[in-house]
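entry.csv follows (CSV, C-alpha atoms):
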```csv
chain,number,residue,atom,x,y,z
A,732,MET,CA,27.0,4.7,27.5
A,733,ARG,CA,28.4,3.0,24.4
A,734,THR,CA,25.0,1.5,23.8
A,735,ASP,CA,23.3,4.9,23.9
A,736,LYS,CA,25.8,6.3,21.4
A,737,THR,CA,25.3,3.3,19.0
A,738,LEU,CA,21.5,3.8,19.2
A,739,TYR,CA,21.9,7.5,18.4
A,740,ILE,CA,24.0,6.7,15.3
A,741,TYR,CA,21.5,4.2,14.0
A,742,THR,CA,18.6,6.7,14.5
A,743,LEU,CA,20.4,9.3,12.5
A,744,LEU,CA,21.1,6.8,9.7
A,745,LEU,CA,17.4,5.8,9.6
A,746,LEU,CA,16.3,9.5,9.4
A,747,LEU,CA,18.7,10.0,6.4
A,748,VAL,CA,16.9,7.2,4.5
A,749,PHE,CA,13.6,9.0,4.8
A,750,LEU,CA,15.0,12.4,4.1
A,751,THR,CA,16.5,11.3,0.8
A,752,GLY,CA,13.2,9.9,-0.5
A,753,CYS,CA,12.7,12.9,-2.9
A,754,TRP,CA,16.3,13.3,-4.0
A,755,ASP,CA,15.3,13.1,-7.7
A,756,ARG,CA,12.2,15.3,-7.5
A,757,LYS,CA,11.8,17.9,-10.2
A,758,GLU,CA,9.7,21.0,-9.9
A,759,ILE,CA,7.0,21.6,-12.5
A,760,GLU,CA,8.9,24.7,-13.8
A,761,GLU,CA,11.9,22.6,-14.5
A,762,VAL,CA,10.4,20.1,-17.0
A,763,GLY,CA,8.6,20.4,-20.3
A,764,ILE,CA,5.2,18.7,-19.8
A,765,VAL,CA,4.3,17.0,-23.1
A,766,LEU,CA,0.5,16.6,-23.5
A,767,GLY,CA,0.4,15.5,-27.2
A,768,ILE,CA,2.6,14.0,-29.9
A,769,GLY,CA,1.9,14.2,-33.6
A,770,LEU,CA,3.7,12.0,-36.2
A,771,ASP,CA,3.8,12.8,-39.9
A,772,GLN,CA,5.8,11.7,-43.0
A,773,SER,CA,8.6,14.0,-43.7
A,774,ASP,CA,9.6,15.0,-47.3
A,775,GLU,CA,13.2,14.0,-46.5
A,776,LYS,CA,14.8,10.5,-46.3
A,777,GLU,CA,17.7,9.5,-44.2
A,778,SER,CA,19.8,6.3,-44.6
A,779,ASN,CA,17.2,4.9,-47.1
A,780,HIS,CA,14.5,5.3,-44.3
A,781,GLN,CA,11.4,7.4,-44.4
A,782,SER,CA,12.1,10.4,-42.2
A,783,ILE,CA,9.6,11.2,-39.5
A,784,SER,CA,8.3,14.7,-38.7
A,785,MET,CA,7.5,14.7,-34.9
A,786,LEU,CA,5.5,17.4,-33.2
A,787,HIS,CA,5.6,17.9,-29.4
A,788,GLN,CA,2.8,19.9,-27.8
A,789,PHE,CA,4.1,21.3,-24.5
A,790,ALA,CA,1.8,22.7,-21.8
A,791,VAL,CA,2.5,26.3,-20.9
A,792,PRO,CA,1.9,26.9,-17.1
A,793,LYS,CA,-0.8,29.5,-16.4
A,794,GLN,CA,1.6,31.9,-14.8
A,795,PHE,CA,3.5,32.0,-18.1
A,796,ALA,CA,0.4,32.0,-20.4
A,797,ALA,CA,0.1,35.8,-20.4
A,798,SER,CA,2.1,38.5,-22.1
A,799,ASP,CA,3.7,41.6,-20.5
A,800,THR,CA,0.6,43.5,-21.6
A,801,GLY,CA,-1.7,41.2,-19.7
A,802,THR,CA,-3.3,39.7,-22.8
A,803,SER,CA,-4.0,36.0,-22.7
A,804,GLN,CA,-1.8,33.7,-24.7
A,805,LYS,CA,-2.1,30.1,-25.8
A,806,ASP,CA,-1.6,27.6,-23.0
A,807,TYR,CA,0.5,25.4,-25.2
A,808,ILE,CA,3.4,25.6,-27.6
A,809,ASN,CA,4.2,23.3,-30.6
A,810,LEU,CA,7.8,22.3,-31.5
A,811,VAL,CA,8.5,20.1,-34.6
A,812,SER,CA,11.6,18.0,-35.2
A,813,GLU,CA,12.6,15.6,-38.0
A,814,GLY,CA,14.6,12.4,-38.1
A,815,ASP,CA,14.5,8.8,-39.3
A,816,THR,CA,13.9,7.4,-35.8
A,817,VAL,CA,11.7,8.5,-32.8
A,818,LEU,CA,14.8,8.7,-30.6
A,819,LYS,CA,16.6,11.0,-33.0
A,820,ASN,CA,13.6,13.3,-33.0
A,821,ILE,CA,13.5,13.4,-29.2
A,822,ARG,CA,17.2,14.0,-28.9
A,823,GLU,CA,16.9,16.8,-31.5
A,824,MET,CA,14.0,18.3,-29.5
A,825,SER,CA,16.0,18.4,-26.3
A,826,THR,CA,18.6,20.6,-28.0
A,827,ARG,CA,15.9,23.2,-28.8
A,828,ALA,CA,13.7,23.2,-25.7
A,829,ASP,CA,14.8,25.1,-22.6
A,830,ARG,CA,13.3,22.2,-20.4
A,831,PRO,CA,13.7,18.5,-21.0
A,832,PRO,CA,10.5,16.8,-22.3
A,833,SER,CA,8.5,14.8,-19.7
A,834,TYR,CA,6.0,12.3,-21.0
A,835,GLU,CA,4.4,11.5,-17.6
A,836,HIS,CA,1.3,13.5,-18.5
A,837,LEU,CA,1.1,12.5,-22.2
A,838,ARG,CA,-2.5,12.2,-23.2
A,839,ILE,CA,-2.7,11.5,-27.0
A,840,ILE,CA,-0.6,10.3,-29.9
A,841,VAL,CA,-1.8,11.3,-33.4
A,842,ILE,CA,-0.4,9.5,-36.4
A,843,SER,CA,-1.1,10.7,-39.9
A,844,GLN,CA,-2.7,8.3,-42.4
A,845,ALA,CA,0.2,8.6,-44.8
A,846,LEU,CA,2.8,7.6,-42.1
A,847,ALA,CA,0.5,4.8,-40.7
A,848,ARG,CA,0.3,3.3,-44.2
A,849,ASP,CA,4.1,3.5,-44.7
A,850,ILE,CA,5.8,2.7,-41.4
A,851,ASP,CA,6.0,-0.4,-39.2
A,852,LEU,CA,3.9,0.9,-36.3
A,853,LYS,CA,6.0,-1.2,-33.8
A,854,ARG,CA,8.8,1.3,-34.4
A,855,ILE,CA,6.7,3.9,-32.7
A,856,THR,CA,4.9,1.9,-30.0
A,857,ASN,CA,8.0,0.0,-28.8
A,858,PHE,CA,10.1,3.1,-28.3
A,859,VAL,CA,7.4,5.1,-26.5
A,860,LEU,CA,6.6,2.2,-24.2
A,861,ARG,CA,10.3,1.8,-23.3
A,862,ASN,CA,10.3,5.3,-21.9
A,863,THR,CA,9.8,5.0,-18.1
A,864,ASP,CA,7.6,8.2,-18.0
A,865,THR,CA,4.9,7.0,-20.4
A,866,ARG,CA,1.8,5.0,-19.6
A,867,ARG,CA,0.2,2.2,-21.4
A,868,SER,CA,-3.2,4.0,-21.2
A,869,ILE,CA,-2.1,6.8,-23.6
A,870,ARG,CA,-4.7,7.1,-26.4
A,871,VAL,CA,-3.8,6.7,-30.1
A,872,VAL,CA,-5.7,8.0,-33.1
A,873,ILE,CA,-5.1,8.2,-36.8
A,874,ASP,CA,-5.6,11.5,-38.7
A,875,GLU,CA,-6.9,11.5,-42.2
A,876,GLY,CA,-4.7,14.5,-42.9
A,877,ASN,CA,-1.6,15.8,-41.3
A,878,ALA,CA,-1.1,15.3,-37.5
A,879,LYS,CA,0.6,18.7,-37.3
A,880,ASP,CA,-2.5,20.5,-38.5
A,881,ILE,CA,-4.8,19.0,-35.9
A,882,PHE,CA,-2.7,20.3,-33.0
A,883,GLU,CA,-3.4,23.9,-34.1
A,884,LYS,CA,-7.2,23.5,-33.9
A,885,ARG,CA,-9.0,24.8,-30.8
A,886,GLY,CA,-12.4,23.5,-29.6
A,887,ILE,CA,-14.2,23.3,-26.4
A,888,SER,CA,-10.9,22.9,-24.6
A,889,THR,CA,-8.2,25.5,-25.2
A,890,ASN,CA,-5.6,22.8,-25.6
A,891,PRO,CA,-5.8,20.7,-28.7
A,892,ALA,CA,-4.2,17.6,-27.0
A,893,LEU,CA,-6.8,17.7,-24.3
A,894,LEU,CA,-9.6,18.1,-26.8
A,895,LEU,CA,-8.4,15.1,-28.8
A,896,ARG,CA,-8.2,13.0,-25.6
A,897,ALA,CA,-11.7,14.0,-24.6
A,898,LEU,CA,-12.9,13.2,-28.2
A,899,SER,CA,-11.3,9.7,-28.0
A,900,ASP,CA,-13.1,9.1,-24.7
A,901,ASN,CA,-16.5,9.9,-26.1
A,902,TYR,CA,-16.9,6.6,-27.9
A,903,LYS,CA,-19.4,5.4,-25.3
A,904,THR,CA,-21.9,7.9,-26.5
A,905,SER,CA,-21.9,7.0,-30.2
A,906,LEU,CA,-22.5,3.8,-32.2
A,907,THR,CA,-20.4,5.2,-35.0
A,908,MET,CA,-17.2,5.6,-33.1
A,909,PRO,CA,-14.7,2.8,-32.5
A,910,SER,CA,-13.7,1.9,-29.0
A,911,GLU,CA,-10.7,3.7,-27.5
A,912,SER,CA,-7.2,2.5,-28.6
A,913,LYS,CA,-4.6,2.4,-25.8
A,914,LEU,CA,-0.9,2.4,-26.5
A,915,GLY,CA,-0.4,-0.8,-24.5
A,916,ASP,CA,-3.2,-2.7,-26.2
A,917,ILE,CA,-2.0,-1.7,-29.7
A,918,SER,CA,1.5,-2.9,-28.8
A,919,GLU,CA,0.1,-6.3,-27.7
A,920,LYS,CA,-1.9,-6.7,-30.9
A,921,LEU,CA,1.0,-5.7,-33.1
A,922,THR,CA,3.2,-8.2,-31.3
A,923,GLY,CA,0.6,-10.9,-31.7
A,924,LYS,CA,0.0,-10.0,-35.4
A,925,THR,CA,-3.7,-9.4,-34.7
A,926,SER,CA,-5.6,-7.0,-36.9
A,927,PHE,CA,-7.6,-4.2,-35.3
A,928,ILE,CA,-8.9,-0.7,-35.8
A,929,VAL,CA,-7.8,2.6,-34.4
A,930,PRO,CA,-10.2,5.6,-34.1
A,931,GLY,CA,-9.9,8.1,-36.9
A,932,VAL,CA,-10.1,11.9,-36.7
A,933,GLU,CA,-10.2,14.7,-39.2
A,934,THR,CA,-9.8,18.4,-39.2
A,935,THR,CA,-12.7,20.5,-40.6
A,936,ASP,CA,-13.4,24.2,-40.8
A,937,ALA,CA,-15.6,23.8,-37.6
A,938,GLY,CA,-12.8,22.0,-35.7
A,939,VAL,CA,-11.9,18.4,-35.0
A,940,LYS,CA,-14.3,15.4,-35.4
A,941,SER,CA,-14.4,11.6,-35.3
A,942,ALA,CA,-14.0,10.0,-38.8
A,943,GLY,CA,-14.6,6.3,-38.6
A,944,GLY,CA,-11.7,3.9,-37.9
A,945,ALA,CA,-8.3,3.1,-39.5
A,946,VAL,CA,-7.8,-0.6,-40.2
A,947,ILE,CA,-4.4,-2.0,-39.1
A,948,LYS,CA,-3.3,-5.3,-40.5
A,949,GLY,CA,-1.5,-7.2,-37.8
A,950,SER,CA,0.9,-9.2,-40.0
A,951,LEU,CA,2.1,-5.9,-41.7
A,952,ALA,CA,1.8,-3.6,-38.6
A,953,LYS,CA,0.5,-1.0,-41.0
A,954,MET,CA,-2.7,0.7,-41.9
A,955,ILE,CA,-4.4,-0.7,-45.0
A,956,GLY,CA,-7.8,1.1,-45.1
A,957,TRP,CA,-10.7,2.8,-43.4
A,958,LEU,CA,-14.1,1.9,-42.0
A,959,ASP,CA,-16.5,4.8,-42.4
A,960,GLU,CA,-19.0,5.7,-39.6
A,961,GLU,CA,-21.7,3.3,-40.9
A,962,GLU,CA,-19.2,0.5,-41.2
A,963,VAL,CA,-17.9,1.2,-37.6
A,964,ALA,CA,-21.5,1.1,-36.4
A,965,GLY,CA,-21.9,-2.3,-38.1
A,966,LEU,CA,-18.7,-3.5,-36.4
A,967,ASN,CA,-19.9,-2.4,-33.0
A,968,ILE,CA,-23.2,-4.2,-33.5
A,969,LEU,CA,-21.4,-7.3,-34.8
A,970,LYS,CA,-19.3,-7.3,-31.6
A,971,GLY,CA,-22.3,-6.6,-29.4
A,972,GLU,CA,-20.9,-3.4,-28.0
A,973,LYS,CA,-23.7,-1.3,-26.5
A,974,ARG,CA,-23.4,2.5,-26.7
A,975,GLN,CA,-25.4,5.3,-25.1
A,976,ASN,CA,-27.7,6.9,-27.7
A,977,GLY,CA,-27.1,4.0,-30.1
A,978,ILE,CA,-29.5,4.8,-32.9
A,979,VAL,CA,-30.6,2.7,-35.8
A,980,LYS,CA,-32.6,4.3,-38.6
A,981,GLY,CA,-34.9,2.0,-40.6
A,982,THR,CA,-37.6,2.3,-43.3
A,983,ASP,CA,-41.2,1.2,-42.7
A,984,PRO,CA,-41.8,-1.6,-45.2
A,985,LYS,CA,-45.4,-0.5,-45.8
A,986,SER,CA,-45.3,3.3,-46.0
A,987,GLY,CA,-41.6,3.8,-46.8
A,988,GLU,CA,-41.4,6.4,-43.9
A,989,ALA,CA,-38.5,6.6,-41.4
A,990,ILE,CA,-38.4,4.5,-38.3
A,991,VAL,CA,-35.8,5.4,-35.5
A,992,TYR,CA,-34.9,2.8,-33.0
A,993,GLU,CA,-32.7,3.3,-29.8
A,994,ILE,CA,-30.7,0.4,-28.5
A,995,ARG,CA,-31.2,-0.4,-24.8
A,996,THR,CA,-29.4,-3.7,-24.7
A,997,ILE,CA,-27.6,-5.7,-27.4
A,998,LYS,CA,-26.0,-9.1,-27.5
A,999,SER,CA,-24.0,-10.7,-30.3
A,1000,LYS,CA,-22.9,-14.3,-30.5
A,1001,ILE,CA,-20.4,-15.4,-33.1
A,1002,LYS,CA,-20.5,-19.2,-33.6
A,1003,PRO,CA,-18.0,-21.0,-35.8
A,1004,LYS,CA,-19.2,-24.2,-37.6
A,1005,PHE,CA,-16.7,-26.9,-38.5
A,1006,LYS,CA,-17.2,-29.4,-41.3
A,1007,GLY,CA,-13.9,-31.1,-42.0
A,1008,ASN,CA,-11.5,-28.4,-42.9
A,1009,HIS,CA,-14.4,-26.1,-43.9
A,1010,ILE,CA,-15.3,-23.3,-41.5
A,1011,SER,CA,-18.4,-21.1,-41.6
A,1012,PHE,CA,-19.9,-18.7,-39.1
A,1013,GLU,CA,-23.3,-18.0,-37.7
A,1014,VAL,CA,-23.8,-14.6,-36.0
A,1015,LYS,CA,-26.9,-14.1,-33.8
A,1016,ILE,CA,-27.7,-10.5,-32.8
A,1017,HIS,CA,-30.4,-9.8,-30.3
A,1018,THR,CA,-31.4,-6.3,-29.2
A,1019,VAL,CA,-34.1,-4.8,-27.0
A,1020,GLY,CA,-34.9,-1.1,-27.3
A,1021,LYS,CA,-37.2,1.8,-27.8
A,1022,LEU,CA,-39.1,3.2,-30.8
A,1023,ARG,CA,-37.9,6.8,-30.5
A,1024,GLU,CA,-39.4,8.3,-33.7
A,1025,ASP,CA,-41.6,7.3,-36.6
A,1026,TRP,CA,-43.0,9.3,-39.5
A,1027,VAL,CA,-45.7,6.8,-40.3
A,1028,ASP,CA,-49.2,8.4,-40.7
A,1029,PRO,CA,-51.3,7.4,-38.9
A,1030,GLY,CA,-48.6,6.6,-36.3
A,1031,ASN,CA,-50.4,4.7,-33.6
A,1032,ALA,CA,-47.4,3.2,-31.8
A,1033,PHE,CA,-49.6,1.1,-29.6
A,1034,LYS,CA,-50.9,-0.9,-32.5
A,1035,SER,CA,-49.0,-4.2,-32.6
A,1036,GLU,CA,-49.0,-4.1,-36.4
A,1037,LEU,CA,-46.8,-0.9,-36.4
A,1038,ILE,CA,-44.5,-2.3,-33.7
A,1039,LYS,CA,-44.0,-5.4,-35.8
A,1040,ARG,CA,-43.2,-3.4,-38.9
A,1041,ALA,CA,-40.8,-1.2,-36.8
A,1042,GLU,CA,-39.0,-4.3,-35.6
A,1043,GLN,CA,-38.7,-5.6,-39.1
A,1044,ALA,CA,-37.4,-2.3,-40.4
A,1045,THR,CA,-34.8,-2.2,-37.7
A,1046,GLU,CA,-33.7,-5.8,-38.3
A,1047,ALA,CA,-33.3,-5.0,-42.0
A,1048,SER,CA,-31.3,-1.9,-41.3
A,1049,ILE,CA,-29.0,-3.8,-38.9
A,1050,ARG,CA,-28.5,-6.6,-41.4
A,1051,GLU,CA,-27.6,-4.1,-44.0
A,1052,SER,CA,-25.1,-2.3,-41.8
A,1053,VAL,CA,-23.4,-5.5,-40.6
A,1054,GLY,CA,-23.4,-6.9,-44.1
A,1055,LYS,CA,-21.6,-3.7,-45.4
A,1056,THR,CA,-19.0,-4.1,-42.6
A,1057,LEU,CA,-18.4,-7.8,-43.4
A,1058,SER,CA,-18.1,-7.1,-47.1
A,1059,LYS,CA,-15.5,-4.5,-46.4
A,1060,MET,CA,-13.6,-6.8,-44.1
A,1061,GLN,CA,-13.7,-9.9,-46.2
A,1062,LYS,CA,-13.8,-8.7,-49.9
A,1063,SER,CA,-12.1,-5.3,-49.9
A,1064,LEU,CA,-9.5,-5.4,-47.1
A,1065,LYS,CA,-9.3,-9.1,-46.4
A,1066,VAL,CA,-8.9,-8.7,-42.7
A,1067,ASP,CA,-10.6,-9.8,-39.5
A,1068,VAL,CA,-11.1,-7.0,-37.0
A,1069,ALA,CA,-14.2,-8.4,-35.3
A,1070,GLY,CA,-12.8,-11.4,-33.4
A,1071,PHE,CA,-13.9,-14.3,-35.6
A,1072,GLY,CA,-10.4,-15.8,-35.3
A,1073,THR,CA,-10.6,-15.7,-31.5
A,1074,LYS,CA,-13.8,-17.8,-31.6
A,1075,VAL,CA,-12.0,-20.4,-33.7
A,1076,ARG,CA,-9.0,-20.4,-31.4
A,1077,ILE,CA,-11.2,-21.1,-28.4
A,1078,GLU,CA,-13.4,-23.7,-29.9
A,1079,ASN,CA,-11.0,-25.6,-32.1
A,1080,PRO,CA,-7.3,-25.0,-31.2
A,1081,ARG,CA,-6.1,-27.7,-33.6
A,1082,ILE,CA,-7.6,-26.0,-36.7
A,1083,TRP,CA,-6.6,-22.6,-35.4
A,1084,ASN,CA,-2.9,-23.6,-35.3
A,1085,LYS,CA,-3.1,-24.6,-38.9
A,1086,LEU,CA,-4.7,-21.3,-40.1
A,1087,LYS,CA,-3.5,-18.6,-37.7
A,1088,GLU,CA,-0.5,-17.5,-39.8
A,1089,ASP,CA,-2.7,-16.7,-42.8
A,1090,TRP,CA,-6.0,-16.1,-40.8
A,1091,ASP,CA,-7.0,-12.8,-42.5
A,1092,GLU,CA,-6.8,-14.3,-45.9
A,1093,GLU,CA,-8.5,-17.6,-44.9
A,1094,PHE,CA,-11.3,-15.6,-43.2
A,1095,SER,CA,-12.0,-13.6,-46.4
A,1096,GLU,CA,-13.4,-16.8,-48.0
A,1097,MET,CA,-15.5,-18.1,-45.1
A,1098,PRO,CA,-19.4,-17.8,-45.3
A,1099,VAL,CA,-21.0,-15.7,-42.5
A,1100,GLU,CA,-24.7,-16.0,-41.9
A,1101,VAL,CA,-26.2,-13.1,-39.9
A,1102,LYS,CA,-29.5,-13.5,-37.9
A,1103,VAL,CA,-31.0,-10.4,-36.2
A,1104,ASN,CA,-33.8,-10.2,-33.7
A,1105,VAL,CA,-35.2,-6.9,-32.5
A,1106,LYS,CA,-37.6,-6.4,-29.6
A,1107,ILE,CA,-39.3,-3.1,-29.1
A,1108,GLN,CA,-40.4,-2.7,-25.5
A,1109,GLU,CA,-41.0,1.1,-25.3
A,1110,PHE,CA,-42.9,3.3,-27.7
A,1111,GLY,CA,-42.3,6.8,-26.5
A,1112,THR,CA,-45.2,9.3,-26.0
A,1113,LYS,CA,-46.7,8.9,-29.5
A,1114,GLY,CA,-49.7,6.6,-29.4
A,1115,ALA,CA,-53.4,6.2,-29.5
A,1116,LYS,CA,-54.1,10.0,-29.5
A,1117,ASN,CA,-52.7,10.1,-33.0
A,1118,GLY,CA,-54.6,7.0,-34.2
```
Step by step, read the file and then write its structure as structure tokens.
Amino acid sequence: MRTDKTLYIYTLLLLLVFLTGCWDRKEIEEVGIVLGIGLDQSDEKESNHQSISMLHQFAVPKQFAASDTGTSQKDYINLVSEGDTVLKNIREMSTRADRPPSYEHLRIIVISQALARDIDLKRITNFVLRNTDTRRSIRVVIDEGNAKDIFEKRGISTNPALLLRALSDNYKTSLTMPSESKLGDISEKLTGKTSFIVPGVETTDAGVKSAGGAVIKGSLAKMIGWLDEEEVAGLNILKGEKRQNGIVKGTDPKSGEAIVYEIRTIKSKIKPKFKGNHISFEVKIHTVGKLREDWVDPGNAFKSELIKRAEQATEASIRESVGKTLSKMQKSLKVDVAGFGTKVRIENPRIWNKLKEDWDEEFSEMPVEVKVNVKIQEFGTKGAKNG
């Protein structure tokens, strides 16, 4: 009898463990779902620190996104706070919002160019990552103007934060867009003092668009300049990053007419060469693709002479684009965002340990030879009929 009673008590205790599994559950109506954060410079200063203007874009549940008259309202609301730290902004936000902000569904962080040039970006990334709700996969972009303005722009999506997230994920479809920048990856690069680029965006009358890439100098943890869309394309080619619809426009050396080449595959190999303490680089770029368009008259694409000229035109265009990017990195910004330092670290750790603290400056003086090979395997539908 006593055994049965003991077993009964143990069973009840076990059931209580399972029943309390959701003790901290919060209903969706009880939290403020933050989808986007915008960070700008404030006109004020606190304690000799630049004050930060911080925008939270909260999602408005569908059942609340309609007025009493039945007209449709925005499915988001923007609230702005100011303070010299991120934490102070969030605490101040909590005193104004009727529901505590939740960052579990945060999709995008937008930092204005002015703030990115002025503030140590680790102040932002470190705090956000310490929040147990946030994820390392949150996308980050740099806005040429004010981050606050971009969250008021509507596009294909009714919610600006979701539009910006979709735009940042479109990099696979364009050679002129940098790869996505995830919060966790940015934090690691800043900690390792590695330079990198973050996708840039801008607000236009038509909406929001990609705008090249913002260059972040690892040793400073600040933005120091921009790569425009052509320079970003050169960087992607330099790194061997294939993109859907990767288009290269060249000029036929004989007629001066346009040649349009579409990348199917692309490979890039960066090879450091060591001679004593002197380092130089050889970059070999090989791509196979399709002749998508030409304005050469007559334009018989089946003639080997035209194919050869189209390959030469594409090679010249790629060398020019990559050369422009290298010049911007080495001469203007003095920064390595293409991974040259990684190749040195792998192939010669001894020399890398001597140079790593001042790598960006050292790299700016190193010769880089670029070799390009283009192979056209498809010619489209234009051919002998026009010959």
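Between CA of Glu1078 in chain A and CA of Arg1050 in chain A the interatomic distance comes to 25.5 Å.
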Distance criterion (all atoms listed in the file): nearest to Ala897 in chain A out of A:Ile839, A:Ile1010, A:Ile1107, A:Ala1044: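 That would be A:Ile839, the residue with the smallest distance to Ala897 in chain A.
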Residue contacts of Lys998 in chain A (12 Å, only C-alpha atoms) excluding same-chain residues fewer than 4 positions away, as JSON, numbers by chain: {"A": [967, 968, 969, 970, 971, 972, 973, 974, 994, 1014, 1015, 1016, 1017, 1018, 1019, 1020, 1102, 1103, 1104, 1105]}
Contact residues around Tyr902 in chain A with all atoms listed in the file at 8 Å, ignoring same-chain residues under 5 positions, as JSON, numbers by chain: {"A": [908, 909, 910, 911, 974]}
All residues 10 Å or closer to Lys1002 in chain A, only C-alpha atoms, same chain fewer than 6 positions away omitted, as a PyMOL selection string: chain A and resi 1011-1015+1071+1074-1075+1078+1099-1100
Coordinates-based distance that separates CA of Gln844 in chain A from CA of Gly767 in chain A (Å, one decimal): 17.1 Å
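Counting all atoms listed in the file, the residue from A:Lys853, A:Ser773, A:Gly1007, A:Ala878 that sits nearest to Arg1081 in chain A is A:Gly1007.
Between CA of Ile1038 in chain A and CA of Thr1056 in chain A the separation is 27.1 Å.
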Top pick for closest residue to Lys1062 in chain A, considering A:Ala937, A:Val811, A:Met1097, A:Val765 and counting only C-alpha atoms: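 Looking only at the distances to Lys1062 in chain A, the closest residue turns out to be A:Met1097.
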For range 914-924 of chain A: contacts at 10 Å, only C-alpha atoms, fewer than 3 positions along chain excluded, given as a PyMOL selection string: chain A and resi 839-840+851-853+855-857+859-860+865-872+911+927-929+947-953+1087-1088
Best match for closeness to Ile990 in chain A among A:Val963, A:Arg1040, A:Ala942, A:Ile955, counting all atoms listed in the file: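 Distance minimum relative to Ile990 in chain A lands on A:Arg1040.
Of the residues under consideration (A:Thr982, A:Glu1109, A:Asp815, A:Val1101), A:Glu1109 shows the shortest atom-to-atom contact distance to Arg995 in chain A when counting only C-alpha atoms.
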Selected residue of minimal separation from Met1060 in chain A among A:Leu1086, A:Val946, A:Pro891, A:Ile978, counting all atoms listed in the file: A:Val946
Nearby residues, (-11.4, 13.9, -25.3) file frame, 10 Å, all atoms listed in the file, as a PyMOL selection string: chain A and resi 838-839+870+887-888+891-902
Residue neighbourhood Ala989 in chain A, 12 Å, all atoms listed in the file, exclusion window fewer than 2 positions, as number ranges by chain: A: 979-987, 991-992, 1022-1028, 1030, 1040-1041, 1044-1045, 1048
